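Novice: So that we are looking at the same thing, I have put the structure below in structure tokens.
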Amino acid sequence: MYRRHLITSIKLTVIVAVLLGLAYPLLMTGIAQVAFPWRANGSLISSHGKVIGSALIGQEFLDDKGNPDPKYFQPRPSAAGAGYDPTASGASNLGPGDPRLVGFIPGFNTVGLQGKSSPTNPFATKADPYCVPTDKSGAAVTSPTAGQEYAKADDGSYACYSSTVPERALAYRQLNDLADVDQVPVDAVTGSASGLDPDLTVENARLQARRVAEQRKVPVNTVLDLIAKHPNGRQLGFLGEETVNVLHLNLALDAMPQH
């Protein structure tokens with residue numbers, strides 16, 4: 001009796017392993033290769049015979065010093081590893097009141113030098129009234145204690161945690177030479193859930209167009225036309241906003257005649 005049950009179990013295990021572990025994956029792989037091979041193989045993009053990225057995974061465009069390269073459109077922020085790390089996909093998962101996201105907002109989440117609730121932000125700087133200070137290692141200090149050491153700027157003000165929305169907005173305006181009153185697109189100061197978003201909203205791209213045009217010494221309308229030629233459209237035709245793929249856009253920039 002036991003032998004009969006054992007043999008039946010082994011046969012069933014083999015059948016399931018072959019069907020679900022071999023036949024089904026091979027069938028799905030075959031269908032994918034026939035129906036949409038480019039996406040099935042990672043949507044890889046090549047330039048001059050070398051794979052330089054994927055249309056599905058964002059990447060940074062930095063200069064030799066590790067700063068955003070002004071000649072290129074810059075992607076949205078990323079919390080995936082050190083930024084756009086596909087092995088560490090994920091979001092920051094910070095709540096809407098977390099100072100590391102929104103900064104220290106007076107009367108809402110501000111604390112004093114001893115870590116107790118405060119009606120004002122003692123760490124405010126001239127540029128950033130919502131400044132969250134950092135320690136000497138660059139980590140955000142959200143619960144100060146007596147004797148806490150802080151990083152300071154050259155003028156003696158507190159060094160602010162760079163990943164808050166207010167700090168990202170300041171950096172975005174500075175990079176793109178925008179006025180303090182100019183609104184900044186949400187996708188310019190927040191990361192995506194995956195941390196790998198390869199796209200920008202059209203509004204974001206258009207705000208970067210003047211800077212890119214000046215760096216490449218071409219008319220701004222030329223860059224704006226390039227954005228208009230690379231729309232992704234809305235998901236299902238009506239969900240979300242129109243976007244552009246950053247890598248496609250930057251490759252199109254490099255393909256333009258150099259001046």
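In the structure tokens, each chain is lettered A, B, ... as it comes, each chain's residues begin at 1, and ligands are numbered from 1 in order of appearance.
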Running DSSP on the backbone, which parts of stretch 33-157 of chain A land in strand (DSSP E or B), as JSON, numbers by chain?
Specialist: {"A": [44, 45, 46, 47, 50, 51, 52, 53, 54, 57, 62, 68, 111, 117, 133, 134, 140, 152]}
Novice: Could you name the residues that touch A:Thr125 at 12 Å or less, counting only C-alpha atoms, but leaving out those on the same chain fewer than 3 positions away, as a ChimeraX atom specification?
Specialist: /A:104,121-122,128-133,152-153,155-161,166-167
Novice: Distance atom CA of A:Val246-atom CA of A:Asp63, one decimal place?
Specialist: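 Spanning atom CA of A:Val246 to atom CA of A:Asp63 is a straight-line distance of 16.3 Å.
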Novice: Pull the helix (DSSP H, G or I) assignments for stretch 33-181 of chain A out of DSSP run on the backbone, and list those residues as a ChimeraX atom specification.
Specialist: /A:33-35,37-40,86-88,99-102,165-175
Novice: Keeping N, CA and C atoms for every residue in the selection just given, could you write it to a file as a short mmCIF file (atom, residue, chain, number, x, y, z; two decimals), in the first residue's frame?
Specialist:
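To be explicit, this is the file written out as again_20.cif:
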data_model
loop_
_atom_site.label_atom_id
_atom_site.label_comp_id
_atom_site.auth_asym_id
_atom_site.auth_seq_id
_atom_site.Cartn_x
_atom_site.Cartn_y
_atom_site.Cartn_z
N GLN A 33 9.09 35.55 -27.22
CA GLN A 33 10.08 35.82 -28.25
C GLN A 33 9.44 36.08 -29.60
N VAL A 34 8.27 35.48 -29.84
CA VAL A 34 7.57 35.68 -31.11
C VAL A 34 6.73 36.95 -31.08
N ALA A 35 5.99 37.17 -29.98
CA ALA A 35 5.03 38.27 -29.90
C ALA A 35 5.69 39.61 -29.61
N PRO A 37 9.59 40.31 -28.80
CA PRO A 37 10.97 39.94 -28.46
C PRO A 37 11.77 41.06 -27.83
N TRP A 38 11.55 42.33 -28.25
CA TRP A 38 12.35 43.43 -27.71
C TRP A 38 12.11 43.60 -26.22
N ARG A 39 10.84 43.59 -25.82
CA ARG A 39 10.52 43.72 -24.40
C ARG A 39 10.94 42.48 -23.62
N ALA A 40 10.74 41.30 -24.22
CA ALA A 40 11.09 40.06 -23.53
C ALA A 40 12.58 39.95 -23.24
N PRO A 86 19.37 48.51 -10.18
CA PRO A 86 18.33 47.50 -10.42
C PRO A 86 18.37 46.34 -9.44
N THR A 87 19.47 46.18 -8.72
CA THR A 87 19.55 45.12 -7.72
C THR A 87 18.98 45.56 -6.37
N ALA A 88 18.61 46.84 -6.27
CA ALA A 88 18.08 47.36 -5.01
C ALA A 88 16.82 48.17 -5.26
N PRO A 99 10.40 64.04 8.39
CA PRO A 99 11.28 65.17 8.01
C PRO A 99 12.24 64.82 6.89
N ARG A 100 12.63 63.55 6.77
CA ARG A 100 13.55 63.16 5.71
C ARG A 100 12.91 63.27 4.33
N LEU A 101 11.58 63.41 4.30
CA LEU A 101 10.87 63.59 3.03
C LEU A 101 10.45 65.04 2.85
N VAL A 102 9.72 65.59 3.83
CA VAL A 102 9.14 66.92 3.67
C VAL A 102 9.95 68.01 4.34
N VAL A 165 12.21 67.02 -0.03
CA VAL A 165 11.56 67.67 -1.17
C VAL A 165 11.99 69.13 -1.30
N PRO A 166 12.05 69.91 -0.20
CA PRO A 166 12.52 71.30 -0.34
C PRO A 166 13.93 71.40 -0.88
N GLU A 167 14.85 70.53 -0.44
CA GLU A 167 16.23 70.58 -0.93
C GLU A 167 16.31 70.17 -2.40
N ARG A 168 15.52 69.19 -2.78
CA ARG A 168 15.50 68.78 -4.18
C ARG A 168 14.93 69.88 -5.07
N ALA A 169 13.94 70.59 -4.55
CA ALA A 169 13.36 71.70 -5.32
C ALA A 169 14.40 72.81 -5.49
N LEU A 170 15.17 73.10 -4.44
CA LEU A 170 16.22 74.11 -4.53
C LEU A 170 17.26 73.70 -5.58
N ALA A 171 17.68 72.44 -5.54
CA ALA A 171 18.69 71.95 -6.48
C ALA A 171 18.16 71.98 -7.90
N TYR A 172 16.89 71.64 -8.09
CA TYR A 172 16.28 71.64 -9.43
C TYR A 172 16.23 73.06 -9.99
N ARG A 173 15.81 74.02 -9.16
CA ARG A 173 15.74 75.40 -9.62
C ARG A 173 17.14 75.94 -9.95
N GLN A 174 18.12 75.59 -9.12
CA GLN A 174 19.47 76.05 -9.37
C GLN A 174 20.04 75.47 -10.66
N LEU A 175 19.84 74.16 -10.87
CA LEU A 175 20.36 73.52 -12.07
C LEU A 175 19.76 74.09 -13.33
#
Novice: Would you pick out the contacts of A:Ala252 at 10 Å or less, using only C-alpha atoms, so that residues sharing its chain but fewer than 6 positions from it are not included, and give the list as a count of residues only?
Specialist: 6
Novice: Which is closer to A:Asp98 than all the others in A:Gly112, A:Phe61, A:Gly42, A:Ser163, using only C-alpha atoms?
Specialist: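 Using only C-alpha atoms, the shortest distance to A:Asp98 belongs to A:Ser163.
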Novice: Quick one: of A:Thr8, A:Gly58, A:Asp199, A:Thr164, who's nearest to A:Pro96, counting only C-alpha atoms?
Specialist: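 The closest residue to A:Pro96 is A:Thr164.
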